[in-house]
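Peer 1: Here you go, work-v6.txt (compact mmCIF, C-alpha atoms):
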# COMPACT_ATOMS: atom_id res chain seq x y z
CA MET Y 12 -59.66 -49.24 -22.85
CA GLN Y 13 -58.38 -48.18 -19.42
CA ALA Y 14 -55.21 -50.19 -19.92
CA LYS Y 15 -54.71 -48.46 -23.25
CA ASN Y 16 -55.07 -45.03 -21.60
CA ARG Y 17 -52.57 -45.97 -18.95
CA VAL Y 18 -50.08 -47.05 -21.55
CA MET Y 19 -50.60 -43.79 -23.47
CA LYS Y 20 -50.09 -41.72 -20.32
CA ARG Y 21 -46.92 -43.55 -19.45
CA PHE Y 22 -45.63 -43.15 -23.00
CA LEU Y 23 -46.37 -39.40 -22.98
CA SER Y 24 -44.67 -38.88 -19.60
CA ILE Y 25 -41.56 -40.73 -20.85
CA ILE Y 26 -41.48 -38.57 -23.98
CA SER Y 27 -41.93 -35.34 -21.96
CA PHE Y 28 -39.18 -36.29 -19.55
CA SER Y 29 -36.80 -37.13 -22.42
CA VAL Y 30 -37.48 -33.81 -24.14
CA LEU Y 31 -36.93 -31.83 -20.93
CA PHE Y 32 -33.75 -33.75 -20.14
CA SER Y 33 -32.38 -33.10 -23.65
CA ILE Y 34 -33.14 -29.38 -23.35
CA ALA Y 35 -31.31 -29.28 -19.99
CA ILE Y 36 -28.24 -30.96 -21.50
CA LEU Y 37 -28.28 -28.65 -24.51
CA LEU Y 38 -28.37 -25.62 -22.20
CA TYR Y 39 -25.68 -26.97 -19.86
CA LEU Y 40 -22.98 -27.80 -22.41
CA PRO Y 41 -22.47 -24.28 -23.81
CA CYS Y 42 -22.89 -22.91 -20.28
CA ARG Y 43 -19.59 -24.50 -19.24
CA GLN Y 44 -18.04 -21.38 -20.75
CA ALA Y 45 -17.07 -18.54 -18.47
CA GLY Y 46 -19.89 -16.15 -19.17
CA CYS Y 47 -22.57 -18.55 -18.11
CA TYR Y 48 -20.72 -19.48 -14.93
CA ILE Y 49 -20.75 -15.90 -13.85
CA ALA Y 50 -24.36 -15.34 -14.91
CA ILE Y 51 -25.63 -18.41 -13.11
CA PHE Y 52 -23.81 -17.83 -9.85
CA ALA Y 53 -23.82 -14.03 -10.03
CA GLN Y 54 -25.26 -13.49 -6.63
CA ASP Y 55 -23.02 -15.87 -4.66
CA PHE Y 56 -19.99 -16.25 -6.94
CA ASN Y 57 -17.63 -13.48 -5.94
CA SER Y 58 -13.86 -13.21 -6.26
CA ALA Y 59 -13.30 -14.64 -2.77
CA ARG Y 60 -15.26 -17.77 -3.61
CA ALA Y 61 -13.64 -18.04 -7.03
CA TYR Y 62 -10.24 -17.77 -5.39
CA GLN Y 63 -11.03 -20.55 -2.91
CA ASP Y 64 -12.18 -22.70 -5.82
CA TYR Y 65 -8.88 -22.06 -7.60
CA LEU Y 66 -6.82 -22.87 -4.47
CA TYR Y 67 -8.68 -26.15 -4.08
CA ASN Y 68 -8.00 -27.15 -7.67
CA TYR Y 69 -4.40 -26.02 -7.52
CA ASN Y 70 -3.92 -28.26 -4.52
CA LEU Y 71 -5.45 -31.16 -6.45
CA TYR Y 72 -3.06 -30.46 -9.30
CA ARG Y 73 -0.02 -30.45 -6.98
CA ASN Y 74 -1.07 -33.74 -5.41
CA SER Y 75 -1.60 -35.34 -8.80
CA HIS Y 76 1.76 -33.95 -9.94
CA ASN Y 77 3.45 -35.68 -7.02
CA GLN Y 78 1.70 -38.91 -7.99
CA TYR Y 79 2.89 -38.46 -11.58
CA LEU Y 80 6.49 -38.00 -10.39
CA ALA Y 81 6.26 -41.18 -8.34
CA ALA Y 82 4.74 -43.16 -11.23
CA LYS Y 83 7.31 -41.78 -13.66
CA SER Y 84 10.14 -42.73 -11.32
CA GLU Y 85 8.74 -46.27 -11.04
CA TYR Y 86 8.50 -46.58 -14.82
CA GLN Y 87 12.04 -45.27 -15.32
CA THR Y 88 13.28 -47.82 -12.79
CA TYR Y 89 11.44 -50.92 -14.05
CA HIS Y 90 10.35 -50.09 -17.64
CA THR Y 91 7.49 -52.60 -17.46
CA LEU Y 92 4.25 -52.23 -19.40
CA THR Y 93 2.34 -52.09 -16.10
CA SER Y 94 4.45 -49.23 -14.77
CA GLN Y 95 4.16 -47.48 -18.12
CA GLU Y 96 0.35 -47.75 -18.06
CA ARG Y 97 0.30 -46.50 -14.48
CA ALA Y 98 2.49 -43.57 -15.42
CA ILE Y 99 0.31 -42.70 -18.44
CA LYS Y 100 -2.78 -42.77 -16.20
CA ALA Y 101 -1.04 -40.47 -13.72
CA ILE Y 102 -0.04 -38.16 -16.57
CA ARG Y 103 -3.58 -38.05 -17.96
CA PHE Y 104 -4.82 -37.21 -14.47
CA VAL Y 105 -2.27 -34.46 -13.93
CA PHE Y 106 -3.04 -32.94 -17.35
CA LYS Y 107 -6.71 -32.70 -16.41
CA ASN Y 108 -5.97 -31.21 -13.01
CA ARG Y 109 -3.47 -28.80 -14.52
CA ALA Y 110 -6.09 -27.54 -16.98
CA GLU Y 111 -8.68 -27.26 -14.20
CA ALA Y 112 -6.27 -25.37 -11.93
CA TRP Y 113 -5.52 -22.96 -14.77
CA ARG Y 114 -9.21 -22.60 -15.65
CA THR Y 115 -10.26 -21.81 -12.09
CA TYR Y 116 -7.33 -19.40 -11.72
CA LEU Y 117 -8.40 -17.48 -14.84
CA LEU Y 118 -11.96 -17.44 -13.54
CA ALA Y 119 -10.80 -16.03 -10.20
CA LEU Y 120 -8.84 -13.34 -12.03
CA ARG Y 121 -11.77 -12.50 -14.28
CA THR Y 122 -14.11 -12.25 -11.29
CA LYS Y 123 -11.70 -9.93 -9.50
CA LEU Y 124 -11.53 -7.79 -12.64
CA THR Y 125 -15.33 -7.60 -12.69
CA GLU Y 126 -15.43 -6.43 -9.07
CA THR Y 127 -12.75 -3.74 -9.47
CA THR Y 128 -14.09 -0.27 -10.18
CA GLY Y 129 -12.19 2.54 -11.86
CA ILE Y 130 -11.22 0.58 -14.97
CA ILE Y 131 -12.01 2.12 -18.35
CA ASN Y 132 -14.74 0.06 -20.04
CA TYR Y 133 -12.77 -0.42 -23.24
CA SER Y 134 -9.70 -1.86 -21.46
CA GLN Y 135 -11.82 -4.02 -19.22
CA ASN Y 136 -13.79 -5.43 -22.16
CA ILE Y 137 -10.60 -6.26 -24.06
CA ALA Y 138 -9.30 -8.11 -21.01
CA TYR Y 139 -12.62 -10.00 -20.68
CA LEU Y 140 -12.46 -10.97 -24.35
CA LYS Y 141 -8.93 -12.34 -24.09
CA LEU Y 142 -9.61 -14.20 -20.83
CA ASP Y 143 -12.87 -15.63 -22.17
CA LEU Y 144 -11.09 -16.98 -25.26
CA GLU Y 145 -8.88 -19.06 -23.01
CA LEU Y 146 -11.74 -19.99 -20.70
CA GLN Y 147 -13.71 -21.25 -23.70
CA TRP Y 148 -10.80 -23.28 -25.04
CA LEU Y 149 -9.98 -25.04 -21.74
CA PRO Y 150 -13.16 -27.18 -21.38
CA HIS Y 151 -12.64 -28.51 -24.93
CA HIS Y 152 -9.04 -29.30 -24.03
CA GLN Y 153 -10.17 -31.09 -20.86
CA ASP Y 154 -12.78 -33.11 -22.76
CA SER Y 155 -10.18 -34.13 -25.35
CA LEU Y 156 -7.86 -35.39 -22.63
CA ASN Y 157 -10.44 -38.04 -21.76
CA SER Y 158 -10.73 -39.45 -25.24
CA VAL Y 159 -7.35 -39.18 -27.02
CA SER Y 160 -4.88 -42.01 -27.41
CA ASN Y 161 -1.65 -42.09 -25.41
CA GLU Y 162 0.31 -40.82 -28.41
CA GLU Y 163 -1.96 -37.80 -28.88
CA LEU Y 164 -2.03 -37.03 -25.15
CA PHE Y 165 1.39 -35.37 -25.23
CA LYS Y 166 0.44 -33.39 -28.34
CA LEU Y 167 -2.49 -31.96 -26.40
CA SER Y 168 -0.19 -31.08 -23.53
CA GLU Y 169 2.15 -29.35 -25.97
CA GLU Y 170 -0.81 -27.36 -27.24
CA PHE Y 171 -1.58 -26.26 -23.67
CA ALA Y 172 2.06 -25.33 -23.06
CA GLN Y 173 2.27 -23.30 -26.28
CA ARG Y 174 -0.73 -21.17 -25.27
CA GLN Y 175 0.74 -20.32 -21.85
CA PRO Y 176 3.12 -17.46 -22.79
CA LYS Y 177 0.35 -15.60 -24.63
CA THR Y 178 -2.17 -16.15 -21.82
CA GLU Y 179 0.34 -15.03 -19.21
CA VAL Y 180 0.62 -11.68 -21.00
CA VAL Y 181 -3.17 -11.33 -20.69
CA VAL Y 182 -2.95 -12.30 -17.02
CA TYR Y 183 -0.37 -9.62 -16.17
CA GLN Y 184 -2.28 -7.04 -18.19
CA ALA Y 185 -5.40 -7.90 -16.19
CA LEU Y 186 -3.48 -7.63 -12.90
CA GLY Y 187 -2.20 -4.22 -13.98
CA LEU Y 188 -5.75 -3.13 -14.79
CA ILE Y 189 -6.87 -4.18 -11.31
CA LEU Y 190 -4.11 -2.18 -9.60
CA SER Y 191 -4.69 0.86 -11.82
CA GLY Y 192 -8.44 0.56 -11.33
CA LYS Y 193 -8.05 0.78 -7.57
CA GLU Y 194 -5.94 3.94 -7.82
CA ASN Y 195 -8.23 5.49 -10.45
CA SER Y 196 -11.20 4.94 -8.18
CA LEU Y 197 -9.48 6.62 -5.22
CA ARG Y 198 -8.25 9.49 -7.38
CA GLU Y 199 -11.71 10.18 -8.84
CA ARG Y 200 -13.23 10.36 -5.36
CA ILE Y 201 -10.48 12.69 -4.13
CA LEU Y 202 -11.01 14.94 -7.17
CA LYS Y 203 -14.73 15.13 -6.33
CA GLU Y 204 -13.84 16.36 -2.83
CA ILE Y 205 -11.45 18.90 -4.36
CA GLU Y 206 -14.34 20.23 -6.48
CA LYS Y 207 -16.47 20.58 -3.35
CA ILE Y 208 -13.67 22.43 -1.55
CA GLU Y 209 -13.24 24.77 -4.51
CA THR Y 210 -16.96 25.52 -4.42
CA LYS Y 211 -16.77 26.21 -0.70
CA LEU Y 212 -13.73 28.49 -1.11
CA LYS Y 213 -15.58 30.49 -3.78
CA GLU Y 214 -18.47 30.89 -1.37
CA MET Y 215 -16.11 32.02 1.40
CA LYS Y 216 -14.41 34.48 -0.94
CA SER Y 217 -17.74 35.98 -1.99
CA GLU Y 218 -18.47 36.58 1.70
CA GLY Y 219 -15.23 38.49 2.16
CA GLU Y 220 -13.05 35.76 3.62
CA GLU Y 221 -9.32 35.78 2.87
CA ILE Y 222 -8.58 32.48 1.12
CA GLY Y 223 -5.23 33.09 -0.60
CA MET Y 224 -3.34 30.64 1.59
CA LEU Y 225 -6.06 27.99 1.22
CA GLU Y 226 -5.98 28.31 -2.58
CA ASP Y 227 -2.23 27.84 -2.47
CA TRP Y 228 -2.64 24.72 -0.31
CA LEU Y 229 -5.28 23.42 -2.73
CA SER Y 230 -2.92 23.79 -5.69
CA GLN Y 231 -0.30 21.81 -3.74
CA ALA Y 232 -2.85 19.04 -3.19
CA LYS Y 233 -3.60 19.04 -6.94
CA LYS Y 234 0.12 18.72 -7.66
CA LYS Y 235 0.18 15.58 -5.53
CA ILE Y 236 -2.70 14.20 -7.60
CA SER Y 237 -0.74 14.91 -10.80
CA LEU Y 238 2.33 13.20 -9.35
CA SER Y 239 0.26 10.14 -8.51
CA THR Y 240 -1.01 10.02 -12.11
CA GLU Y 241 2.56 10.29 -13.44
CA LYS Y 242 3.74 7.40 -11.28
CA GLN Y 243 0.77 5.29 -12.33
CA ILE Y 244 1.45 5.93 -16.02
CA GLU Y 245 5.06 4.93 -15.42
CA ALA Y 246 3.87 1.65 -13.88
CA GLU Y 247 1.42 1.00 -16.74
CA ASN Y 248 4.11 1.67 -19.35
CA LYS Y 249 6.43 -0.76 -17.60
CA LEU Y 250 3.69 -3.43 -17.65
CA LYS Y 251 3.21 -2.86 -21.40
CA THR Y 252 6.74 -4.17 -21.95
CA ILE Y 253 5.54 -7.66 -20.97
CA ASN Y 254 5.20 -9.76 -24.12
CA GLU Y 255 5.15 -13.46 -25.07
CA GLU Y 256 8.90 -13.69 -25.51
CA LYS Y 257 9.74 -12.29 -22.08
CA THR Y 258 10.69 -14.97 -19.56
CA ASP Y 259 10.70 -12.55 -16.62
CA LYS Y 260 7.06 -11.48 -16.79
CA LYS Y 261 6.59 -11.97 -13.05
CA GLU Y 262 9.72 -9.96 -12.23
CA ILE Y 263 8.49 -7.05 -14.35
CA TYR Y 264 5.14 -7.19 -12.56
CA LEU Y 265 6.89 -7.14 -9.18
CA GLN Y 266 9.01 -4.17 -10.32
CA VAL Y 267 5.91 -2.01 -10.81
CA HIS Y 268 4.75 -2.50 -7.22
CA PRO Y 269 6.94 0.31 -5.81
CA LEU Y 270 5.58 2.61 -8.55
CA TYR Y 271 2.00 1.85 -7.53
CA ALA Y 272 3.03 2.37 -3.89
CA GLN Y 273 4.32 5.85 -4.82
CA THR Y 274 1.07 6.50 -6.71
CA ASN Y 275 -0.85 5.66 -3.57
CA GLN Y 276 1.49 7.63 -1.32
CA ASN Y 277 0.88 10.77 -3.39
CA LEU Y 278 -2.87 10.25 -3.12
CA GLN Y 279 -2.58 9.89 0.66
CA GLU Y 280 -0.53 13.09 0.87
CA ALA Y 281 -3.07 14.94 -1.26
CA THR Y 282 -5.80 13.76 1.10
CA SER Y 283 -3.77 14.94 4.11
CA PHE Y 284 -3.34 18.39 2.52
CA LEU Y 285 -7.09 18.59 1.89
CA LEU Y 286 -7.80 17.68 5.52
CA GLU Y 287 -5.48 20.49 6.59
CA ILE Y 288 -7.44 22.89 4.40
CA ILE Y 289 -10.69 21.77 6.03
CA GLU Y 290 -9.10 22.17 9.46
CA GLU Y 291 -8.08 25.72 8.54
CA ILE Y 292 -11.58 26.50 7.23
CA LYS Y 293 -13.09 25.34 10.53
CA TYR Y 294 -11.08 27.80 12.64
CA GLU Y 295 -10.54 31.53 12.68
CA PRO Y 296 -7.11 32.62 11.36
CA MET L 4 43.70 20.35 87.20
CA ASN L 5 43.33 18.15 84.15
CA HIS L 6 41.36 19.93 81.34
CA LYS L 7 42.09 17.35 78.68
CA PRO L 8 39.00 15.13 79.18
CA LEU L 9 36.75 18.23 79.13
CA LEU L 10 38.43 19.55 76.00
CA ALA L 11 37.98 16.20 74.31
CA LYS L 12 34.29 16.17 75.18
CA ILE L 13 33.82 19.67 73.79
CA LEU L 14 35.63 18.76 70.58
CA MET L 15 33.65 15.54 70.17
CA THR L 16 30.35 17.40 70.70
CA PHE L 17 31.36 20.02 68.14
CA LEU L 18 32.30 17.33 65.63
CA ILE L 19 28.99 15.51 66.09
CA ILE L 20 26.99 18.71 65.63
CA PHE L 21 29.01 19.58 62.53
CA VAL L 22 28.43 16.16 60.96
CA LEU L 23 24.75 16.36 61.76
CA LEU L 24 24.46 19.75 60.13
CA VAL L 25 26.23 18.55 56.98
CA GLY L 26 24.04 15.48 56.83
CA VAL L 27 20.79 17.43 57.21
CA ASN L 28 21.92 19.87 54.55
CA ALA L 29 22.73 17.05 52.15
CA LEU L 30 19.38 15.39 52.82
CA PHE L 31 17.54 18.60 52.16
CA ASP L 32 19.32 19.05 48.83
CA PHE L 33 18.52 15.48 47.71
CA THR L 34 14.81 15.62 48.46
CA GLY L 35 13.65 19.01 47.32
CA LYS L 36 15.60 21.90 46.25
CA LYS L 37 17.26 21.95 42.80
CA PRO L 38 20.24 24.00 41.87
CA ALA L 39 19.42 27.34 40.39
CA THR L 40 21.07 26.50 37.02
CA THR L 41 18.80 23.45 36.46
CA GLN L 42 15.73 25.48 37.29
CA GLU L 43 16.72 28.09 34.71
CA MET L 44 17.29 25.48 31.99
CA GLU L 45 13.90 23.92 32.64
CA LYS L 46 12.23 27.29 32.35
CA GLN L 47 13.87 27.86 28.97
CA SER L 48 12.82 24.46 27.55
CA GLU L 49 9.12 24.80 28.37
CA ILE L 50 7.10 25.46 25.22
CA PRO L 51 4.41 27.94 25.80
CA PRO L 52 1.01 26.31 25.16
CA SER L 53 -0.64 27.29 21.85
CA PRO L 54 -3.60 29.47 22.34
CA ALA L 55 -6.91 27.69 21.81
CA ARG L 56 -8.28 28.42 18.36
CA VAL L 57 -11.68 29.90 17.90
CA SER L 58 -14.05 28.00 15.66
CA SER L 59 -15.07 29.86 12.54
CA ARG L 60 -18.64 30.07 11.31
CA TRP L 61 -17.79 27.33 8.80
CA ALA L 62 -16.95 24.83 11.55
CA SER L 63 -20.52 23.58 11.72
CA ASP L 64 -21.21 23.93 7.99
CA SER L 65 -22.70 20.60 6.86
CA ALA L 66 -20.85 20.63 3.52
CA VAL L 67 -17.51 21.22 5.26
CA LEU L 68 -18.18 18.43 7.76
CA ALA L 69 -19.26 16.06 4.98
CA ILE L 70 -16.06 16.77 3.02
CA GLU L 71 -14.01 16.16 6.14
CA GLU L 72 -15.74 12.82 6.76
CA ASN L 73 -15.24 11.71 3.15
CA LEU L 74 -11.57 12.67 3.21
CA LYS L 75 -10.97 10.74 6.43
CA ASN L 76 -12.62 7.66 4.88
CA LEU L 77 -10.57 8.06 1.72
CA LYS L 78 -7.35 8.31 3.70
CA GLU L 79 -8.17 5.14 5.58
CA GLU L 80 -9.13 3.31 2.39
CA SER L 81 -5.99 4.34 0.55
CA GLN L 82 -3.87 3.14 3.46
CA LYS L 83 -5.56 -0.27 3.34
CA THR L 84 -5.49 -0.69 -0.45
CA ASP L 85 -3.68 -3.84 -1.63
CA LEU L 86 -1.45 -2.71 -4.47
CA LYS L 87 0.27 -6.01 -5.12
CA GLU L 88 -2.47 -8.65 -5.47
CA LEU L 89 0.15 -11.33 -4.79
CA PRO L 90 -2.42 -14.13 -4.25
CA LEU L 91 -3.53 -13.57 -7.85
CA LEU L 92 -0.10 -14.23 -9.35
CA PRO L 93 -0.43 -17.07 -11.89
CA PRO L 94 0.16 -20.58 -10.53
CA ILE L 95 3.37 -22.42 -11.30
CA LEU L 96 2.45 -25.28 -13.64
CA ASP L 97 4.70 -28.00 -15.00
CA LEU L 98 4.57 -27.63 -18.79
CA LYS L 99 7.12 -30.33 -19.49
CA ILE L 100 5.33 -33.43 -18.27
CA THR L 101 6.76 -36.47 -20.07
CA LEU L 102 7.77 -40.05 -19.54
CA GLU L 103 11.25 -39.32 -20.81
CA GLU L 104 14.17 -39.26 -18.41
CA LYS L 105 15.52 -35.94 -19.63
CA GLU L 106 12.96 -33.16 -19.85
Produce structure tokens that represent the structure in this file.

Peer 2:
Amino acid sequence: MQAKNRVMKRFLSIISFSVLFSIAILLYLPCRQAGCYIAIFAQDFNSARAYQDYLYNYNLYRNSHNQYLAAKSEYQTYHTLTSQERAIKAIRFVFKNRAEAWRTYLLALRTKLTETTGIINYSQNIAYLKLDLELQWLPHHQDSLNSVSNEELFKLSEEFAQRQPKTEVVVYQALGLILSGKENSLRERILKEIEKIETKLKEMKSEGEEIGMLEDWLSQAKKKISLSTEKQIEAENKLKTINEEKTDKKEIYLQVHPLYAQTNQNLQEATSFLLEIIEEIKYEP
Amino acid sequence: MNHKPLLAKILMTFLIIFVLLVGVNALFDFTGKKPATTQEMEKQSEIPPSPARVSSRWASDSAVLAIEENLKNLKEESQKTDLKELPLLPPILDLKITLEEKE
């Protein structure tokens, strides 16, 4: 009787463990997608950590690419079956590392996008959607690389290559959103200070203070804010010209940097003007 | 009576005194006194100090001081803002990996 109970207990514990293990696997597999990564590691997984993760994987990719080049060179020299098999193995390895480098890069970009304030919700959500589509596709691609035949391996790689131009457009759009978000955030905070100064000037005027000059200075500060907005719109319009067919996407992105610098310069000048107004308020004329 | 040695002594003494006077004068000029024209130019180039400004009654206003603090922080932040994000440029990946000789 006791032996029977012991057998039953052991049987039940094995069943319980199997059920729990299956549930864990079922939860883990879909969680390899981007959203779950960020939810699980929300507290510790910031853009800095994501970026380090990407750099590590990019380094792995570059090393495996060098190994592929060496194996390919050996195969092209000797054309033996052994060198061919070695080269195929190296290629399979570099494909996996390439996909992982790209996946971790997109994750780093997405995390940075999450941390940047000042981005309109609608634009940010569109960028998330597009990045997540690619982040969801990549794990399936990586899994397939393990199981396909040598002939299908290059078809998979071609599939990866064909998706790149479209994903690069999403990448540069996201980068533009990050830059614009930073400037929007600064501009909003400066505008709040302008509101406070306007309130203070009204108070001073009601108490008989002469504020004509200060109002004039304030309008000049507002003009600087408008100029910064104009330059930013110019940069954003330039970024919108990036499409799948363009082969100079990076060059276009680099061309908008001076425009964002001018945006920022105008914001700095507006801030300087406002500080001069405060200085003037603090002293008798 | 031969006056020549006496005359020579007198002349020598006069010459020494003259040289000493010239030397002392030159030394005095070098160490202290400037020419009048330089002194005038220096007087013209001196900018009169701006009169100290009197604080207004708003100088200690908490709202004014808070705005000033915020603006200084904003200025510093805008100067430090990275507007290129170069580390986040997409990685260069080989999309033409094959076994063929010509890619």

Peer 1: Using all atoms listed in the file, pick whichever of Y:Gln13, Y:Gln135, Y:Asn248, Y:Thr178 has the shortest atom-to-atom distance to chain L.

Peer 2: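 Selected residue with least distance to chain L: Y:Thr178.
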
Peer 1: Hey, which bits of chain Y sit within 6 Å of chain L, and for each residue what's the closest pair of atoms and how far apart in Å (one decimal), counting all atoms listed in the file, rows by chain and increasing number, as CSV?

Peer 2:
residue,atom,partner,partner_atom,distance
Y:Ala172,CA,L:Leu98,CA,5.5
Y:Leu190,CA,L:Leu86,CA,5.8
Y:Gln279,CA,L:Lys78,CA,5.9
Y:Lys293,CA,L:Ala62,CA,4.0
Y:Tyr294,CA,L:Ser58,CA,4.2
Y:Glu295,CA,L:Ser59,CA,4.8

Peer 1: Could you please determine the separation between atom CA of Arg121 of chain Y and atom CA of Tyr67 of chain Y in Å, to one decimal place?

Peer 2: 17.3 Å

Peer 1: Could you check how far atom CA of Ala101 of chain Y sits from atom CA of Tyr79 of chain Y, in Å to one decimal?

Peer 2: 4.9 Å

Peer 1: When you draw a straight line from atom CA of Asn157 of chain Y to atom CA of Arg73 of chain Y, how long is it in Å?

Peer 2: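 Distance reported for this atom pair: 19.6 Å.
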
Peer 1: Just the residues within 8 Å of Tyr72 of chain Y, please, counting all atoms listed in the file, with nothing from its chain fewer than 4 positions along; format it as a list in words.

Peer 2: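 Listing them by chain and then by number gives Asn68, His76, Val105, Asn108, Arg109 and Ala112 of chain Y.
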
Peer 1: Output C-alpha atoms for every residue in that selection, as an mmCIF file, in the frame of the given file.

Peer 2:
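Result file follows (out24.cif):
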data_model
loop_
_atom_site.group_PDB
_atom_site.id
_atom_site.type_symbol
_atom_site.label_atom_id
_atom_site.label_comp_id
_atom_site.auth_asym_id
_atom_site.auth_seq_id
_atom_site.Cartn_x
_atom_site.Cartn_y
_atom_site.Cartn_z
ATOM 1 C CA ASN Y 68 -8.000 -27.150 -7.670
ATOM 2 C CA HIS Y 76 1.760 -33.950 -9.940
ATOM 3 C CA VAL Y 105 -2.270 -34.460 -13.930
ATOM 4 C CA ASN Y 108 -5.970 -31.210 -13.010
ATOM 5 C CA ARG Y 109 -3.470 -28.800 -14.520
ATOM 6 C CA ALA Y 112 -6.270 -25.370 -11.930
#

Peer 1: Please enclose the listed atoms of segment 14-20 of chain L in an axis-aligned box, pad each side by 6 Å, and write out the centre and the three edge lengths in Å, rounded to one decimal, as JSON.

Peer 2:
{"center_x": 31.3, "center_y": 17.8, "center_z": 68.2, "size_x": 20.6, "size_y": 16.5, "size_z": 17.1}

Peer 1: Using only C-alpha atoms for the distances, tell me which of Y:Glu291, Y:Glu126, Y:Glu170, Y:Glu256 is nearest to Leu149 of chain Y.

Peer 2: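 Between Y:Glu291, Y:Glu126, Y:Glu170, Y:Glu256, the residue approaching Leu149 of chain Y most closely is Y:Glu170.
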
Peer 1: Considering all atoms listed in the file, can you say which of Y:Ser134, Y:Gln273, Y:Gln184, Y:Ser191 comes closest to Lys260 of chain Y?

Peer 2: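 Residue with the minimum atom-to-atom distance to Lys260 of chain Y: Y:Gln184.
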
Peer 1: Give me the residues within 10 Å of Leu202 of chain Y as an MDAnalysis selection string, counting only C-alpha atoms and dropping any in the same chain fewer than 5 places off.

Peer 2: chainID Y and resid 197 207:208 232:233 236 281:282

Peer 1: For Glu255 of chain Y, work out the shell of residues within 10 Å, counting only C-alpha atoms and skipping chain neighbours fewer than 4 positions away, then give it as a list in words.

Peer 2: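 The filter keeps Arg174, Gln175, Pro176, Lys177, Thr178, Glu179, Val180, Val181 and Lys260 of chain Y.
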
Peer 1: May I have the residues within 12 Å of Leu144 of chain Y as a PyMOL selection string, using all atoms listed in the file and disregarding those fewer than 3 positions away in the same chain?

Peer 2: chain Y and resi 44-46+114+117-118+121+137-141+147-151+174+177-178+181
